[in-house]
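Below is run_20.pdb, which holds PDB, C-alpha atoms and all ligand atoms.
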ATOM      1  CA  MET A  16    -134.140 -94.479  -0.910  1.00  0.00           C
ATOM      2  CA  LEU A  17    -134.829 -95.703  -4.430  1.00  0.00           C
ATOM      3  CA  LYS A  18    -132.474 -98.492  -5.499  1.00  0.00           C
ATOM      4  CA  GLN A  19    -132.291 -99.867  -9.028  1.00  0.00           C
ATOM      5  CA  ILE A  20    -133.059-103.570  -9.380  1.00  0.00           C
ATOM      6  CA  ASN A  21    -132.703-106.045 -12.226  1.00  0.00           C
ATOM      7  CA  GLU A  22    -134.876-108.885 -10.993  1.00  0.00           C
ATOM      8  CA  ILE A  23    -138.678-108.826 -10.822  1.00  0.00           C
ATOM      9  CA  ASN A  24    -139.703-111.012  -7.882  1.00  0.00           C
ATOM     10  CA  GLU A  25    -143.252-111.662  -6.680  1.00  0.00           C
ATOM     11  CA  THR A  26    -143.304-108.636  -4.321  1.00  0.00           C
ATOM     12  CA  ILE A  27    -142.228-106.304  -7.129  1.00  0.00           C
ATOM     13  CA  GLN A  28    -144.750-107.842  -9.532  1.00  0.00           C
ATOM     14  CA  THR A  29    -147.572-107.366  -7.000  1.00  0.00           C
ATOM     15  CA  LEU A  30    -146.589-103.697  -6.597  1.00  0.00           C
ATOM     16  CA  LEU A  31    -146.403-103.154 -10.377  1.00  0.00           C
ATOM     17  CA  LEU A  32    -149.905-104.591 -10.729  1.00  0.00           C
ATOM     18  CA  LEU A  33    -151.271-102.175  -8.112  1.00  0.00           C
ATOM     19  CA  ALA A  34    -150.617 -99.273 -10.470  1.00  0.00           C
ATOM     20  CA  ASP A  35    -151.273-101.042 -13.755  1.00  0.00           C
ATOM     21  CA  PRO A  36    -153.739-103.926 -14.145  1.00  0.00           C
ATOM     22  CA  SER A  37    -152.232-105.012 -17.467  1.00  0.00           C
ATOM     23  CA  ILE A  38    -149.398-107.503 -17.097  1.00  0.00           C
ATOM     24  CA  GLU A  39    -148.848-107.274 -20.874  1.00  0.00           C
ATOM     25  CA  MET A  40    -148.241-103.510 -20.664  1.00  0.00           C
ATOM     26  CA  ILE A  41    -145.991-103.951 -17.605  1.00  0.00           C
ATOM     27  CA  ASN A  42    -143.900-106.611 -19.354  1.00  0.00           C
ATOM     28  CA  GLN A  43    -143.415-104.251 -22.295  1.00  0.00           C
ATOM     29  CA  TYR A  44    -142.103-101.269 -20.349  1.00  0.00           C
ATOM     30  CA  ILE A  45    -139.982-103.125 -17.809  1.00  0.00           C
ATOM     31  CA  LYS A  46    -137.957-104.595 -20.703  1.00  0.00           C
ATOM     32  CA  THR A  47    -136.503-101.181 -21.516  1.00  0.00           C
ATOM     33  CA  GLY A  48    -137.317 -99.246 -18.328  1.00  0.00           C
ATOM     34  CA  LEU A  49    -135.305 -98.698 -15.175  1.00  0.00           C
ATOM     35  CA  VAL A  50    -136.961-100.388 -12.191  1.00  0.00           C
ATOM     36  CA  TYR A  51    -136.352 -99.051  -8.663  1.00  0.00           C
ATOM     37  CA  GLU A  52    -137.504-100.431  -5.344  1.00  0.00           C
ATOM     38  CA  PHE A  53    -138.150 -98.418  -2.200  1.00  0.00           C
ATOM     39  CA  LYS A  54    -137.426-100.122   1.118  1.00  0.00           C
ATOM     40  CA  ILE A  55    -138.430 -99.319   4.686  1.00  0.00           C
ATOM     41  CA  GLU A  56    -136.774-101.323   7.471  1.00  0.00           C
ATOM     42  CA  ASN A  57    -135.446-103.768   4.878  1.00  0.00           C
ATOM     43  CA  GLN A  58    -138.883-104.414   3.441  1.00  0.00           C
ATOM     44  CA  THR A  59    -139.805-103.443  -0.118  1.00  0.00           C
ATOM     45  CA  ILE A  60    -142.852-101.215   0.090  1.00  0.00           C
ATOM     46  CA  GLY A  61    -142.669 -99.282  -3.160  1.00  0.00           C
ATOM     47  CA  ILE A  62    -141.581 -99.326  -6.796  1.00  0.00           C
ATOM     48  CA  VAL A  63    -140.930 -96.767  -9.504  1.00  0.00           C
ATOM     49  CA  VAL A  64    -140.305 -97.495 -13.190  1.00  0.00           C
ATOM     50  CA  LEU A  65    -138.654 -94.834 -15.364  1.00  0.00           C
ATOM     51  CA  LYS A  66    -138.512 -95.068 -19.142  1.00  0.00           C
ATOM     52  CA  GLU A  67    -136.830 -92.773 -21.647  1.00  0.00           C
ATOM     53  CA  MET A  68    -139.258 -91.007 -23.983  1.00  0.00           C
ATOM     54  CA  SER A  69    -136.764 -88.846 -25.905  1.00  0.00           C
ATOM     55  CA  HIS A  70    -133.183 -87.624 -25.472  1.00  0.00           C
ATOM     56  CA  ASP A  71    -134.275 -85.080 -22.815  1.00  0.00           C
ATOM     57  CA  SER A  72    -137.497 -86.602 -21.488  1.00  0.00           C
ATOM     58  CA  ILE A  73    -138.213 -89.543 -19.197  1.00  0.00           C
ATOM     59  CA  GLU A  74    -141.528 -90.886 -17.917  1.00  0.00           C
ATOM     60  CA  ILE A  75    -142.590 -92.469 -14.636  1.00  0.00           C
ATOM     61  CA  MET A  76    -144.329 -95.505 -16.146  1.00  0.00           C
ATOM     62  CA  ASN A  77    -145.325 -97.041 -12.834  1.00  0.00           C
ATOM     63  CA  ILE A  78    -145.320 -95.891  -9.218  1.00  0.00           C
ATOM     64  CA  ALA A  79    -146.852 -97.858  -6.366  1.00  0.00           C
ATOM     65  CA  VAL A  80    -146.776 -98.119  -2.595  1.00  0.00           C
ATOM     66  CA  SER A  81    -148.001-101.308  -0.888  1.00  0.00           C
ATOM     67  CA  GLU A  82    -151.564-100.901   0.328  1.00  0.00           C
ATOM     68  CA  ASP A  83    -150.716-101.094   4.043  1.00  0.00           C
ATOM     69  CA  GLN A  84    -148.152 -98.275   3.676  1.00  0.00           C
ATOM     70  CA  GLN A  85    -150.193 -95.822   1.607  1.00  0.00           C
ATOM     71  CA  ASP A  86    -151.138 -92.292   2.791  1.00  0.00           C
ATOM     72  CA  LYS A  87    -147.996 -91.998   4.914  1.00  0.00           C
ATOM     73  CA  GLY A  88    -146.054 -89.750   2.553  1.00  0.00           C
ATOM     74  CA  TYR A  89    -143.975 -92.458   0.848  1.00  0.00           C
ATOM     75  CA  GLY A  90    -145.509 -91.872  -2.602  1.00  0.00           C
ATOM     76  CA  LYS A  91    -144.627 -88.194  -2.435  1.00  0.00           C
ATOM     77  CA  LEU A  92    -141.092 -89.038  -1.287  1.00  0.00           C
ATOM     78  CA  MET A  93    -140.672 -91.577  -4.119  1.00  0.00           C
ATOM     79  CA  LEU A  94    -141.844 -88.995  -6.681  1.00  0.00           C
ATOM     80  CA  LYS A  95    -139.233 -86.537  -5.368  1.00  0.00           C
ATOM     81  CA  GLU A  96    -136.521 -89.210  -5.485  1.00  0.00           C
ATOM     82  CA  ALA A  97    -137.564 -90.259  -9.008  1.00  0.00           C
ATOM     83  CA  GLU A  98    -137.187 -86.627 -10.044  1.00  0.00           C
ATOM     84  CA  VAL A  99    -133.656 -86.521  -8.587  1.00  0.00           C
ATOM     85  CA  LYS A 100    -132.741 -89.785 -10.423  1.00  0.00           C
ATOM     86  CA  ALA A 101    -134.136 -88.434 -13.703  1.00  0.00           C
ATOM     87  CA  LYS A 102    -132.094 -85.246 -13.301  1.00  0.00           C
ATOM     88  CA  GLU A 103    -128.940 -87.225 -12.454  1.00  0.00           C
ATOM     89  CA  LEU A 104    -129.495 -89.263 -15.614  1.00  0.00           C
ATOM     90  CA  GLY A 105    -129.416 -86.029 -17.617  1.00  0.00           C
ATOM     91  CA  TYR A 106    -133.106 -85.503 -18.419  1.00  0.00           C
ATOM     92  CA  CYS A 107    -134.772 -82.111 -18.051  1.00  0.00           C
ATOM     93  CA  HIS A 108    -138.373 -83.139 -18.597  1.00  0.00           C
ATOM     94  CA  LEU A 109    -140.274 -85.626 -16.423  1.00  0.00           C
ATOM     95  CA  THR A 110    -143.727 -86.930 -17.346  1.00  0.00           C
ATOM     96  CA  ILE A 111    -146.285 -89.131 -15.621  1.00  0.00           C
ATOM     97  CA  ALA A 112    -149.591 -90.396 -16.945  1.00  0.00           C
ATOM     98  CA  THR A 113    -152.763 -91.475 -15.248  1.00  0.00           C
ATOM     99  CA  ALA A 114    -156.429 -92.017 -15.978  1.00  0.00           C
ATOM    100  CA  ASN A 115    -159.193 -89.414 -15.967  1.00  0.00           C
ATOM    101  CA  SER A 116    -160.706 -91.451 -13.117  1.00  0.00           C
ATOM    102  CA  SER A 117    -157.577 -91.497 -10.891  1.00  0.00           C
ATOM    103  CA  LEU A 118    -158.587 -88.453  -8.849  1.00  0.00           C
ATOM    104  CA  ASN A 119    -156.193 -89.000  -5.929  1.00  0.00           C
ATOM    105  CA  GLN A 120    -153.237 -89.508  -8.261  1.00  0.00           C
ATOM    106  CA  LEU A 121    -154.158 -86.367 -10.230  1.00  0.00           C
ATOM    107  CA  ALA A 122    -154.172 -84.481  -6.908  1.00  0.00           C
ATOM    108  CA  LEU A 123    -150.858 -85.968  -5.785  1.00  0.00           C
ATOM    109  CA  TYR A 124    -149.007 -85.280  -9.045  1.00  0.00           C
ATOM    110  CA  GLN A 125    -150.202 -81.669  -9.145  1.00  0.00           C
ATOM    111  CA  LYS A 126    -149.175 -81.223  -5.495  1.00  0.00           C
ATOM    112  CA  CYS A 127    -145.726 -82.416  -6.596  1.00  0.00           C
ATOM    113  CA  GLY A 128    -145.507 -79.750  -9.293  1.00  0.00           C
ATOM    114  CA  PHE A 129    -146.678 -81.640 -12.375  1.00  0.00           C
ATOM    115  CA  ARG A 130    -148.866 -79.733 -14.858  1.00  0.00           C
ATOM    116  CA  MET A 131    -151.371 -81.251 -17.261  1.00  0.00           C
ATOM    117  CA  MET A 132    -149.799 -81.453 -20.704  1.00  0.00           C
ATOM    118  CA  ALA A 133    -151.965 -83.637 -22.933  1.00  0.00           C
ATOM    119  CA  ILE A 134    -154.900 -86.003 -23.051  1.00  0.00           C
ATOM    120  CA  GLU A 135    -154.903 -89.210 -25.069  1.00  0.00           C
ATOM    121  CA  LYS A 136    -158.570 -89.816 -25.618  1.00  0.00           C
ATOM    122  CA  ASP A 137    -159.931 -93.386 -25.304  1.00  0.00           C
ATOM    123  CA  PHE A 138    -156.509 -94.791 -24.323  1.00  0.00           C
ATOM    124  CA  PHE A 139    -157.910 -97.023 -21.553  1.00  0.00           C
ATOM    125  CA  ILE A 140    -160.801 -98.184 -23.743  1.00  0.00           C
ATOM    126  CA  ASN A 141    -158.516 -99.112 -26.622  1.00  0.00           C
ATOM    127  CA  GLU A 142    -155.495-100.496 -24.768  1.00  0.00           C
ATOM    128  CA  TYR A 143    -157.002-102.361 -21.796  1.00  0.00           C
ATOM    129  CA  LYS A 144    -159.158-105.473 -22.074  1.00  0.00           C
ATOM    130  CA  GLU A 145    -160.755-104.872 -18.683  1.00  0.00           C
ATOM    131  CA  VAL A 146    -163.142-102.045 -17.810  1.00  0.00           C
ATOM    132  CA  ILE A 147    -161.528 -99.941 -15.066  1.00  0.00           C
ATOM    133  CA  ILE A 148    -163.779 -97.998 -12.676  1.00  0.00           C
ATOM    134  CA  GLU A 149    -162.406 -95.675  -9.995  1.00  0.00           C
ATOM    135  CA  ASN A 150    -164.325 -93.194  -7.858  1.00  0.00           C
ATOM    136  CA  GLY A 151    -167.433 -94.264  -9.789  1.00  0.00           C
ATOM    137  CA  ILE A 152    -165.869 -93.024 -13.054  1.00  0.00           C
ATOM    138  CA  ARG A 153    -164.810 -95.194 -16.002  1.00  0.00           C
ATOM    139  CA  ALA A 154    -161.133 -94.882 -16.922  1.00  0.00           C
ATOM    140  CA  MET A 155    -161.231 -93.770 -20.556  1.00  0.00           C
ATOM    141  CA  ASP A 156    -158.678 -91.070 -21.259  1.00  0.00           C
ATOM    142  CA  LYS A 157    -154.989 -90.915 -20.418  1.00  0.00           C
ATOM    143  CA  VAL A 158    -153.948 -87.641 -18.777  1.00  0.00           C
ATOM    144  CA  ILE A 159    -150.267 -86.851 -19.267  1.00  0.00           C
ATOM    145  CA  LEU A 160    -148.688 -84.504 -16.741  1.00  0.00           C
ATOM    146  CA  ALA A 161    -145.239 -82.992 -17.042  1.00  0.00           C
ATOM    147  CA  LYS A 162    -142.648 -81.166 -14.998  1.00  0.00           C
ATOM    148  CA  ASN A 163    -139.442 -79.399 -15.990  1.00  0.00           C
ATOM    149  CA  ILE A 164    -136.653 -80.650 -13.736  1.00  0.00           C
TER     150      ILE A 164
HETATM  151  N1  LIG B   1    -157.407 -84.655  -2.945  1.00  0.00           N
HETATM  152  C1  LIG B   1    -156.334 -83.936  -2.550  1.00  0.00           C
HETATM  153  N2  LIG B   1    -155.157 -84.475  -2.197  1.00  0.00           N
HETATM  154  C2  LIG B   1    -155.091 -85.822  -2.239  1.00  0.00           C
HETATM  155  C3  LIG B   1    -156.148 -86.640  -2.627  1.00  0.00           C
HETATM  156  C4  LIG B   1    -157.365 -85.993  -2.985  1.00  0.00           C
HETATM  157  N3  LIG B   1    -158.410 -86.697  -3.374  1.00  0.00           N
HETATM  158  N4  LIG B   1    -155.773 -87.928  -2.551  1.00  0.00           N
HETATM  159  C5  LIG B   1    -154.485 -87.937  -2.159  1.00  0.00           C
HETATM  160  N5  LIG B   1    -154.101 -86.662  -1.959  1.00  0.00           N
HETATM  161  C6  LIG B   1    -152.811 -86.191  -1.526  1.00  0.00           C
HETATM  162  C7  LIG B   1    -152.612 -86.396  -0.034  1.00  0.00           C
HETATM  163  O1  LIG B   1    -153.253 -85.402   0.688  1.00  0.00           O
HETATM  164  C8  LIG B   1    -151.104 -86.321   0.031  1.00  0.00           C
HETATM  165  O2  LIG B   1    -150.656 -84.990  -0.090  1.00  0.00           O
HETATM  166  P1  LIG B   1    -150.247 -84.101   1.207  1.00  0.00           P
HETATM  167  O3  LIG B   1    -149.004 -84.751   1.730  1.00  0.00           O
HETATM  168  O4  LIG B   1    -149.994 -82.748   0.635  1.00  0.00           O
HETATM  169  O5  LIG B   1    -151.388 -84.175   2.149  1.00  0.00           O
HETATM  170  C9  LIG B   1    -150.722 -87.040  -1.240  1.00  0.00           C
HETATM  171  O6  LIG B   1    -151.779 -86.911  -2.157  1.00  0.00           O
HETATM  172  C10 LIG B   1    -150.564 -88.533  -0.987  1.00  0.00           C
HETATM  173  O7  LIG B   1    -149.293 -88.684  -0.679  1.00  0.00           O
HETATM  174  P2  LIG B   1    -148.644 -90.033  -0.147  1.00  0.00           P
HETATM  175  O8  LIG B   1    -149.098 -90.425   1.209  1.00  0.00           O
HETATM  176  O9  LIG B   1    -147.188 -89.789  -0.330  1.00  0.00           O
HETATM  177  O10 LIG B   1    -149.177 -91.126  -1.179  1.00  0.00           O
HETATM  178  P3  LIG B   1    -148.994 -92.704  -1.125  1.00  0.00           P
HETATM  179  O11 LIG B   1    -147.804 -93.091  -0.318  1.00  0.00           O
HETATM  180  O12 LIG B   1    -150.283 -93.320  -0.785  1.00  0.00           O
HETATM  181  O13 LIG B   1    -148.644 -93.013  -2.642  1.00  0.00           O
HETATM  182  C11 LIG B   1    -149.667 -93.765  -4.667  1.00  0.00           C
HETATM  183  C12 LIG B   1    -149.472 -92.601  -3.689  1.00  0.00           C
HETATM  184  C13 LIG B   1    -150.570 -93.273  -5.802  1.00  0.00           C
HETATM  185  C14 LIG B   1    -148.304 -94.166  -5.247  1.00  0.00           C
HETATM  186  C15 LIG B   1    -150.310 -94.943  -3.881  1.00  0.00           C
HETATM  187  O14 LIG B   1    -151.550 -94.552  -3.359  1.00  0.00           O
HETATM  188  C16 LIG B   1    -150.481 -96.192  -4.712  1.00  0.00           C
HETATM  189  O15 LIG B   1    -149.582 -97.005  -4.803  1.00  0.00           O
HETATM  190  N6  LIG B   1    -151.670 -96.391  -5.305  1.00  0.00           N
HETATM  191  C17 LIG B   1    -151.951 -97.580  -6.114  1.00  0.00           C
HETATM  192  C18 LIG B   1    -151.118 -97.580  -7.354  1.00  0.00           C
HETATM  193  C19 LIG B   1    -151.373 -96.376  -8.229  1.00  0.00           C
HETATM  194  O16 LIG B   1    -152.497 -95.930  -8.412  1.00  0.00           O
HETATM  195  N7  LIG B   1    -150.274 -95.849  -8.820  1.00  0.00           N
HETATM  196  C20 LIG B   1    -150.331 -94.719  -9.710  1.00  0.00           C
HETATM  197  C21 LIG B   1    -150.829 -95.128 -11.048  1.00  0.00           C
HETATM  198  S1  LIG B   1    -151.053 -93.723 -12.100  1.00  0.00           S
END
Could you rewrite the structure in this file as structure tokens?
Ligand code: COA
Amino acid sequence: MLKQINEINETIQTLLLLADPSIEMINQYIKTGLVYEFKIENQTIGIVVLKEMSHDSIEIMNIAVSEDQQDKGYGKLMLKEAEVKAKELGYCHLTIATANSSLNQLALYQKCGFRMMAIEKDFFINEYKEVIIENGIRAMDKVILAKNI
């Protein structure tokens, strides 16, 4: 179950960095975002950060599962729970963004019902100091996916 937290300890920080290599970006959105942890047998293995985009829209700014617990269905479960939280909070539109190079994430989000909505060209080139390569592809464009909830 996702549980909201107010304190960012080392475990949470490590998880946040798994999904987003920029600590500067993370520090910006956790200031105003809602941070949730996901625990299994009393151990934090996942995090989700939600941030309001408009009066009826909220975005999953960060979602991560610890490396040793990936590919076991927890990410999918956390996405479903994040959707329930967003609905409970009164939003009817949920968005999530990833890179053109994040092929597994693009697959996962579409399997969870998200549809591609927009592309922000050159986002990762302009906003990140480091060059990000995944699946042999440079992360350049931000792909924004959305779901009506
Ligand atoms: N093609 C098709 N489906 C794929 C796929 C691919 N290349 N890669 C993954 N999937 C599917 C799996 O098949 C599975 O779906 P299924 O249950 O229908 O088989 C689903 O995606 C993966 O689900 P799950 O096991 O719940 O994912 P997870 O627990 O590993 O969590 C992340 C997913 C992305 C949260 C996790 O891998 C993670 O923390 N990664 C590092 C951080 C990150 O990249 N965060 C997102 C930033 S945008």
Could you give me, as a PyMOL selection string, the residues within 12 Å of A:Ile148, counting only C-alpha atoms and dropping anything in the same chain fewer than 5 positions from it?
chain A and resi 36+114-118+139-140+153-155
Which protein, DNA or RNA residues have an atom at most 10 Å from (-145.4, -82.5, -16.7), counting only C-alpha atoms? List them as a PDB file with C-alpha atoms, in the frame of the given file.
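Full text of out_8.pdb as output:
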ATOM      1  CA  GLU A  74    -141.528 -90.886 -17.917  1.00  0.00           C
ATOM      2  CA  HIS A 108    -138.373 -83.139 -18.597  1.00  0.00           C
ATOM      3  CA  LEU A 109    -140.274 -85.626 -16.423  1.00  0.00           C
ATOM      4  CA  THR A 110    -143.727 -86.930 -17.346  1.00  0.00           C
ATOM      5  CA  ILE A 111    -146.285 -89.131 -15.621  1.00  0.00           C
ATOM      6  CA  ALA A 112    -149.591 -90.396 -16.945  1.00  0.00           C
ATOM      7  CA  TYR A 124    -149.007 -85.280  -9.045  1.00  0.00           C
ATOM      8  CA  GLN A 125    -150.202 -81.669  -9.145  1.00  0.00           C
ATOM      9  CA  GLY A 128    -145.507 -79.750  -9.293  1.00  0.00           C
ATOM     10  CA  PHE A 129    -146.678 -81.640 -12.375  1.00  0.00           C
ATOM     11  CA  ARG A 130    -148.866 -79.733 -14.858  1.00  0.00           C
ATOM     12  CA  MET A 131    -151.371 -81.251 -17.261  1.00  0.00           C
ATOM     13  CA  MET A 132    -149.799 -81.453 -20.704  1.00  0.00           C
ATOM     14  CA  ALA A 133    -151.965 -83.637 -22.933  1.00  0.00           C
ATOM     15  CA  ILE A 159    -150.267 -86.851 -19.267  1.00  0.00           C
ATOM     16  CA  LEU A 160    -148.688 -84.504 -16.741  1.00  0.00           C
ATOM     17  CA  ALA A 161    -145.239 -82.992 -17.042  1.00  0.00           C
ATOM     18  CA  LYS A 162    -142.648 -81.166 -14.998  1.00  0.00           C
ATOM     19  CA  ASN A 163    -139.442 -79.399 -15.990  1.00  0.00           C
ATOM     20  CA  ILE A 164    -136.653 -80.650 -13.736  1.00  0.00           C
TER      21      ILE A 164
END
Which one is closest to A:Ile75: A:Lys100, A:Lys126, A:Lys136, A:Lys46? Count all atoms listed in the file.
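So, comparing all the options, the nearest one is A:Lys100.
Checking A:Cys107, A:Ile41, A:Leu31, A:Ile147 one by one against ligand LIG 1 (chain B), counting only C-alpha atoms and all ligand atoms, you find the shortest gap at A:Leu31.
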Enter the distance from atom CA of A:Ile60 to atom CA of A:Ser72, in Å, rounded to one decimal.
26.6 Å
Let me make sure I understand: among A:Ile20, A:Met93, A:Ala34, A:Ile55, which one has the smallest atom-to-atom distance to ligand LIG 1 (chain B) if we use all atoms listed in the file?
A:Ala34
Find the residues near A:Val50: any atom within 7 Å, counting all atoms listed in the file, skip ones fewer than 3 places away on the same chain, and give them as a compact mmCIF listing (two decimals) with C-alpha atoms, keeping the file's coordinate frame.
# COMPACT_ATOMS: atom_id res chain seq x y z
CA GLN A 19 -132.29 -99.87 -9.03
CA ILE A 20 -133.06 -103.57 -9.38
CA ILE A 45 -139.98 -103.12 -17.81
CA VAL A 63 -140.93 -96.77 -9.50
CA VAL A 64 -140.30 -97.50 -13.19
CA LEU A 65 -138.65 -94.83 -15.36
Report as a PyMOL selection string the full result of the PyMOL selection byres (((chain A and resi 16) around 8) and not hetatm) when it is applied to this structure.
chain A and resi 17-18+53-54+93+96
Check which residues fall inside 8 Å of ligand LIG 1 (chain B) when counting only C-alpha atoms and all ligand atoms, and print them as a ChimeraX atom specification.
/A:30-35,61,77-82,84-93,111-114,117-124,126
Based on the selection just made, write C-alpha atoms of those residues as an mmCIF file, keeping the file's coordinate frame.
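Done, and the output landed in part_37.cif:
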data_model
loop_
_atom_site.group_PDB
_atom_site.id
_atom_site.type_symbol
_atom_site.label_atom_id
_atom_site.label_comp_id
_atom_site.auth_asym_id
_atom_site.auth_seq_id
_atom_site.Cartn_x
_atom_site.Cartn_y
_atom_site.Cartn_z
ATOM 1 C CA LEU A 30 -146.589 -103.697 -6.597
ATOM 2 C CA LEU A 31 -146.403 -103.154 -10.377
ATOM 3 C CA LEU A 32 -149.905 -104.591 -10.729
ATOM 4 C CA LEU A 33 -151.271 -102.175 -8.112
ATOM 5 C CA ALA A 34 -150.617 -99.273 -10.470
ATOM 6 C CA ASP A 35 -151.273 -101.042 -13.755
ATOM 7 C CA GLY A 61 -142.669 -99.282 -3.160
ATOM 8 C CA ASN A 77 -145.325 -97.041 -12.834
ATOM 9 C CA ILE A 78 -145.320 -95.891 -9.218
ATOM 10 C CA ALA A 79 -146.852 -97.858 -6.366
ATOM 11 C CA VAL A 80 -146.776 -98.119 -2.595
ATOM 12 C CA SER A 81 -148.001 -101.308 -0.888
ATOM 13 C CA GLU A 82 -151.564 -100.901 0.328
ATOM 14 C CA GLN A 84 -148.152 -98.275 3.676
ATOM 15 C CA GLN A 85 -150.193 -95.822 1.607
ATOM 16 C CA ASP A 86 -151.138 -92.292 2.791
ATOM 17 C CA LYS A 87 -147.996 -91.998 4.914
ATOM 18 C CA GLY A 88 -146.054 -89.750 2.553
ATOM 19 C CA TYR A 89 -143.975 -92.458 0.848
ATOM 20 C CA GLY A 90 -145.509 -91.872 -2.602
ATOM 21 C CA LYS A 91 -144.627 -88.194 -2.435
ATOM 22 C CA LEU A 92 -141.092 -89.038 -1.287
ATOM 23 C CA MET A 93 -140.672 -91.577 -4.119
ATOM 24 C CA ILE A 111 -146.285 -89.131 -15.621
ATOM 25 C CA ALA A 112 -149.591 -90.396 -16.945
ATOM 26 C CA THR A 113 -152.763 -91.475 -15.248
ATOM 27 C CA ALA A 114 -156.429 -92.017 -15.978
ATOM 28 C CA SER A 117 -157.577 -91.497 -10.891
ATOM 29 C CA LEU A 118 -158.587 -88.453 -8.849
ATOM 30 C CA ASN A 119 -156.193 -89.000 -5.929
ATOM 31 C CA GLN A 120 -153.237 -89.508 -8.261
ATOM 32 C CA LEU A 121 -154.158 -86.367 -10.230
ATOM 33 C CA ALA A 122 -154.172 -84.481 -6.908
ATOM 34 C CA LEU A 123 -150.858 -85.968 -5.785
ATOM 35 C CA TYR A 124 -149.007 -85.280 -9.045
ATOM 36 C CA LYS A 126 -149.175 -81.223 -5.495
#
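Coordinates place atom CA of A:Glu67 at a distance of 7.3 Å from atom CA of A:Gly48.
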Take atom CA of A:Asp156 and atom CA of A:Phe138 and report the distance between them in Å, one decimal.
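Taking atom CA of A:Asp156 as the start and atom CA of A:Phe138 as the end point, the length is 5.3 Å.
Picked by the PyMOL selection byres (((chain A and resi 25-27) around 8) and not hetatm) from the coordinates shown: Ile23, Asn24, Gln28, Thr29, Leu30, Leu31, Glu52, Thr59 and Ile62 of chain A.
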Output of the above residues as a CSV table (one decimal), in the frame of the given file, restricted to C-alpha atoms:
chain,number,residue,atom,x,y,z
A,23,ILE,CA,-138.7,-108.8,-10.8
A,24,ASN,CA,-139.7,-111.0,-7.9
A,28,GLN,CA,-144.8,-107.8,-9.5
A,29,THR,CA,-147.6,-107.4,-7.0
A,30,LEU,CA,-146.6,-103.7,-6.6
A,31,LEU,CA,-146.4,-103.2,-10.4
A,52,GLU,CA,-137.5,-100.4,-5.3
A,59,THR,CA,-139.8,-103.4,-0.1
A,62,ILE,CA,-141.6,-99.3,-6.8
Could you check which of A:Leu104, A:Met68, A:Val146, A:Leu94 is closest to A:Ser37, using only C-alpha atoms?
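Looking at the shortest contact to A:Ser37, the residue is A:Val146.
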Report, as lines of an AutoDock Vina configuration file, the axis-aligned box around all atoms of stretch 44-58 of chain A present in the file, extended by 3 Å on each side; give centre and edge lengths in Å to one decimal place.
center_x = -138.7
center_y = -101.5
center_z = -7.0
size_x = 12.8
size_y = 12.2
size_z = 35.0
